[in-house]
Amino acid sequence: AWQGRSWRSPRLRSASSGSGTPSHSEGLRPSDSPTRSLASRFAGSLRFRLRESYGGRAEAQGAKEEREGVVAAYARLLRNRSYALTVAGYAAYTFALGGLAFWMPSFLERVRGLSKTEATTQFGAIVVVTGFVGTFAGGWLGDWYLKRSANAYLQVSAWATLAAAPAALAAFVLPQRAAYTTAIVIAELLMFASTGLINSAIVNVVAPTERATAVALSILAIHLLGDVPSPLLIGVISDATSLSTAFRVVPVAILVAGLIWLWGGRSPGLKSKV
């Protein structure tokens, strides 16, 4: 089927079979000139490189400005005394909760003589029930007291946490099962009463445009200073002394959290920002 056909394109055949240079209608158009085509490609490549160069510089400049804006926002939040005190107390509070969550089943097993299954199940059930009841009760009490004090959320959290400290200490020193179980329940209820209130206090003491950054910074702080180092510290003290002795740092952390929040709640600078 291909026999007898020329391999050249119709344009080239017409150009070669005609007389001289092909016309626009028969041969190459002006835009088909090799020189013009190379020039067009070079110009297009140059425009692309220029756009890429300037675009990359603009993106780098924008990223730099964004980083500087984030650093400035963090610095502004840390200069906010009310915010700084609230987050500092939250870090101590999370330190205590992290230590309890990690080591309490081992404490019940090794010190109180419960089986591993019983210790895990009992403490897990206490955490679930007290977490729900304590958070709900704390939120209701905070809203009720808010009618009397603008700093109600932080003040309720402070008093509840201060009351949890002796209950936590009793849970670690009382040998009778009924006594230490009751103490654990009371301590957990009082501690969970602050969960919703503190998160509300954090967003209420900063400007609306800073709330997302304030929450992000608080999450970083409470984990970095709270539940990340506390299991390790309790473990180190336990290896050096005993688990009973190591657990004494938990009531101390709870007490520190309550005192910081009490200080922040009495601060005249603590005003809600809307």
# chains A, B, ... in the order shown; residues from 1 in each chain; ligands from 1

$ closest_atom_pairs --of "segment 50-160 of chain A" --to "segment 176-193 of chain A" --cutoff "8 Å" --atoms "only C-alpha atoms" --output "tab-separated table"
residue	atom	partner	partner_atom	distance
A:Arg112	CA	A:Arg177	CA	7.9
A:Ile126	CA	A:Val185	CA	6.4
A:Val127	CA	A:Glu188	CA	7.0
A:Thr130	CA	A:Leu189	CA	5.0
A:Gly131	CA	A:Phe192	CA	5.6
A:Val133	CA	A:Leu189	CA	7.1
A:Gly134	CA	A:Ala193	CA	4.5
A:Thr135	CA	A:Ala193	CA	4.7
A:Phe136	CA	A:Ala193	CA	7.3
A:Ala137	CA	A:Ala193	CA	6.4
A:Gly138	CA	A:Ala193	CA	4.0
A:Gly139	CA	A:Ala193	CA	7.0
A:Ser157	CA	A:Ala193	CA	6.9
A:Ala160	CA	A:Leu190	CA	5.2

$ write_last_selection --atoms "C-alpha atoms" --output "PDB file, in the first residue's frame"
ATOM      1  CA  ARG A 112      -1.325  -2.512  96.777  1.00  0.00           C
ATOM      2  CA  ILE A 126     -12.507   5.226  87.617  1.00  0.00           C
ATOM      3  CA  VAL A 127     -10.953   7.451  84.948  1.00  0.00           C
ATOM      4  CA  THR A 130     -14.819  10.574  86.929  1.00  0.00           C
ATOM      5  CA  GLY A 131     -13.740  12.124  83.638  1.00  0.00           C
ATOM      6  CA  VAL A 133     -18.862  13.479  85.743  1.00  0.00           C
ATOM      7  CA  GLY A 134     -16.019  15.798  86.764  1.00  0.00           C
ATOM      8  CA  THR A 135     -15.860  17.633  83.436  1.00  0.00           C
ATOM      9  CA  PHE A 136     -19.627  18.159  83.377  1.00  0.00           C
ATOM     10  CA  ALA A 137     -19.809  19.265  87.020  1.00  0.00           C
ATOM     11  CA  GLY A 138     -16.835  21.591  86.654  1.00  0.00           C
ATOM     12  CA  GLY A 139     -18.296  23.253  83.585  1.00  0.00           C
ATOM     13  CA  SER A 157     -10.105  25.340  88.563  1.00  0.00           C
ATOM     14  CA  ALA A 160     -10.804  22.233  92.731  1.00  0.00           C
TER      15      ALA A 160
END

$ residues_around --residues "Leu262 of chain A" --least-positions-apart "2" --cutoff "10 Å" --atoms "only C-alpha atoms" --output "ChimeraX atom specification"
/A:85-86,89,154-159,161-162,256-260,264-267

$ write_last_selection --atoms "C-alpha atoms" --output "mmCIF file, in the first residue's frame"
data_model
loop_
_atom_site.group_PDB
_atom_site.id
_atom_site.type_symbol
_atom_site.label_atom_id
_atom_site.label_comp_id
_atom_site.auth_asym_id
_atom_site.auth_seq_id
_atom_site.Cartn_x
_atom_site.Cartn_y
_atom_site.Cartn_z
ATOM 1 C CA LEU A 85 0.018 31.788 84.219
ATOM 2 C CA THR A 86 -2.900 29.769 82.876
ATOM 3 C CA GLY A 89 -0.599 25.840 85.732
ATOM 4 C CA LEU A 154 -9.632 29.992 86.601
ATOM 5 C CA GLN A 155 -10.753 30.401 90.211
ATOM 6 C CA VAL A 156 -12.947 27.276 90.179
ATOM 7 C CA SER A 157 -10.105 25.340 88.563
ATOM 8 C CA ALA A 158 -7.693 26.582 91.217
ATOM 9 C CA TRP A 159 -9.843 25.613 94.193
ATOM 10 C CA THR A 161 -7.172 21.401 91.971
ATOM 11 C CA LEU A 162 -5.993 22.514 95.412
ATOM 12 C CA VAL A 256 1.661 23.725 92.160
ATOM 13 C CA ALA A 257 -0.994 23.817 89.425
ATOM 14 C CA GLY A 258 -3.659 24.972 91.892
ATOM 15 C CA LEU A 259 -1.435 27.680 93.356
ATOM 16 C CA ILE A 260 -0.484 29.048 89.926
ATOM 17 C CA GLY A 264 -3.633 33.968 88.010
ATOM 18 C CA GLY A 265 -7.281 34.114 89.082
ATOM 19 C CA ARG A 266 -6.537 36.896 91.550
ATOM 20 C CA SER A 267 -4.510 38.864 89.027
#

$ residues_around --residues "segment 106-109 of chain A" --least-positions-apart "5" --cutoff "12 Å" --atoms "only C-alpha atoms" --output "VMD selection string"
chain A and resid 99 to 101 114 to 124 171 to 173 175 to 177 180 to 181 184 231 234 to 235 238 242 to 248

$ atom_distance --atom1 "atom CA of Leu225 of chain A" --atom2 "atom CA of Ala91 of chain A"
5.8 Å

$ decode --residues "segment 89-172 of chain A" --atoms "C-alpha atoms" --output "tab-separated table (two decimals), in the first residue's frame"
chain	number	residue	atom	x	y	z
A	89	GLY	CA	-0.60	25.84	85.73
A	90	TYR	CA	-1.96	23.67	82.93
A	91	ALA	CA	1.52	22.19	82.38
A	92	ALA	CA	1.84	21.24	86.07
A	93	TYR	CA	-1.70	19.82	85.99
A	94	THR	CA	-0.87	17.72	82.90
A	95	PHE	CA	2.36	16.57	84.57
A	96	ALA	CA	0.29	15.08	87.39
A	97	LEU	CA	-2.31	13.51	85.11
A	98	GLY	CA	0.35	12.02	82.84
A	99	GLY	CA	2.14	10.45	85.78
A	100	LEU	CA	-1.11	9.01	87.15
A	101	ALA	CA	-2.20	7.58	83.82
A	102	PHE	CA	1.13	5.90	83.19
A	103	TRP	CA	2.08	4.58	86.63
A	104	MET	CA	-1.15	4.15	88.63
A	105	PRO	CA	-1.93	0.60	87.42
A	106	SER	CA	1.65	-0.42	88.28
A	107	PHE	CA	1.27	1.23	91.71
A	108	LEU	CA	-1.93	-0.70	92.41
A	109	GLU	CA	-0.29	-3.92	91.31
A	110	ARG	CA	3.16	-3.60	92.91
A	111	VAL	CA	2.31	-1.63	96.07
A	112	ARG	CA	-1.32	-2.51	96.78
A	113	GLY	CA	-1.12	-6.13	95.68
A	114	LEU	CA	-3.85	-6.14	93.02
A	115	SER	CA	-3.58	-8.37	89.99
A	116	LYS	CA	-2.54	-6.72	86.74
A	117	THR	CA	-5.97	-7.19	85.20
A	118	GLU	CA	-7.76	-5.93	88.29
A	119	ALA	CA	-5.52	-2.91	88.66
A	120	THR	CA	-5.91	-1.88	85.02
A	121	THR	CA	-9.66	-2.46	84.93
A	122	GLN	CA	-10.35	-0.68	88.22
A	123	PHE	CA	-8.30	2.41	87.42
A	124	GLY	CA	-9.63	2.55	83.87
A	125	ALA	CA	-13.23	2.48	85.08
A	126	ILE	CA	-12.51	5.23	87.62
A	127	VAL	CA	-10.95	7.45	84.95
A	128	VAL	CA	-13.88	7.02	82.55
A	129	VAL	CA	-16.60	7.75	85.12
A	130	THR	CA	-14.82	10.57	86.93
A	131	GLY	CA	-13.74	12.12	83.64
A	132	PHE	CA	-17.32	12.43	82.43
A	133	VAL	CA	-18.86	13.48	85.74
A	134	GLY	CA	-16.02	15.80	86.76
A	135	THR	CA	-15.86	17.63	83.44
A	136	PHE	CA	-19.63	18.16	83.38
A	137	ALA	CA	-19.81	19.26	87.02
A	138	GLY	CA	-16.83	21.59	86.65
A	139	GLY	CA	-18.30	23.25	83.58
A	140	TRP	CA	-21.66	23.79	85.29
A	141	LEU	CA	-20.03	25.21	88.42
A	142	GLY	CA	-17.80	27.51	86.37
A	143	ASP	CA	-20.74	28.90	84.42
A	144	TRP	CA	-22.70	29.40	87.64
A	145	TYR	CA	-19.84	31.24	89.33
A	146	LEU	CA	-19.20	33.32	86.22
A	147	LYS	CA	-22.19	35.47	87.23
A	148	ARG	CA	-20.21	36.57	90.27
A	149	SER	CA	-16.65	36.76	88.98
A	150	ALA	CA	-15.08	37.45	85.59
A	151	ASN	CA	-12.25	35.09	86.55
A	152	ALA	CA	-14.60	32.27	87.54
A	153	TYR	CA	-13.14	29.59	85.27
A	154	LEU	CA	-9.63	29.99	86.60
A	155	GLN	CA	-10.75	30.40	90.21
A	156	VAL	CA	-12.95	27.28	90.18
A	157	SER	CA	-10.10	25.34	88.56
A	158	ALA	CA	-7.69	26.58	91.22
A	159	TRP	CA	-9.84	25.61	94.19
A	160	ALA	CA	-10.80	22.23	92.73
A	161	THR	CA	-7.17	21.40	91.97
A	162	LEU	CA	-5.99	22.51	95.41
A	163	ALA	CA	-8.61	20.24	96.98
A	164	ALA	CA	-7.42	17.36	94.78
A	165	ALA	CA	-3.86	17.53	96.14
A	166	PRO	CA	-4.55	16.09	99.64
A	167	ALA	CA	-6.92	13.52	98.14
A	168	ALA	CA	-4.16	12.35	95.81
A	169	LEU	CA	-1.71	12.13	98.70
A	170	ALA	CA	-4.21	10.06	100.70
A	171	ALA	CA	-4.59	7.68	97.76
A	172	PHE	CA	-0.86	6.91	97.93
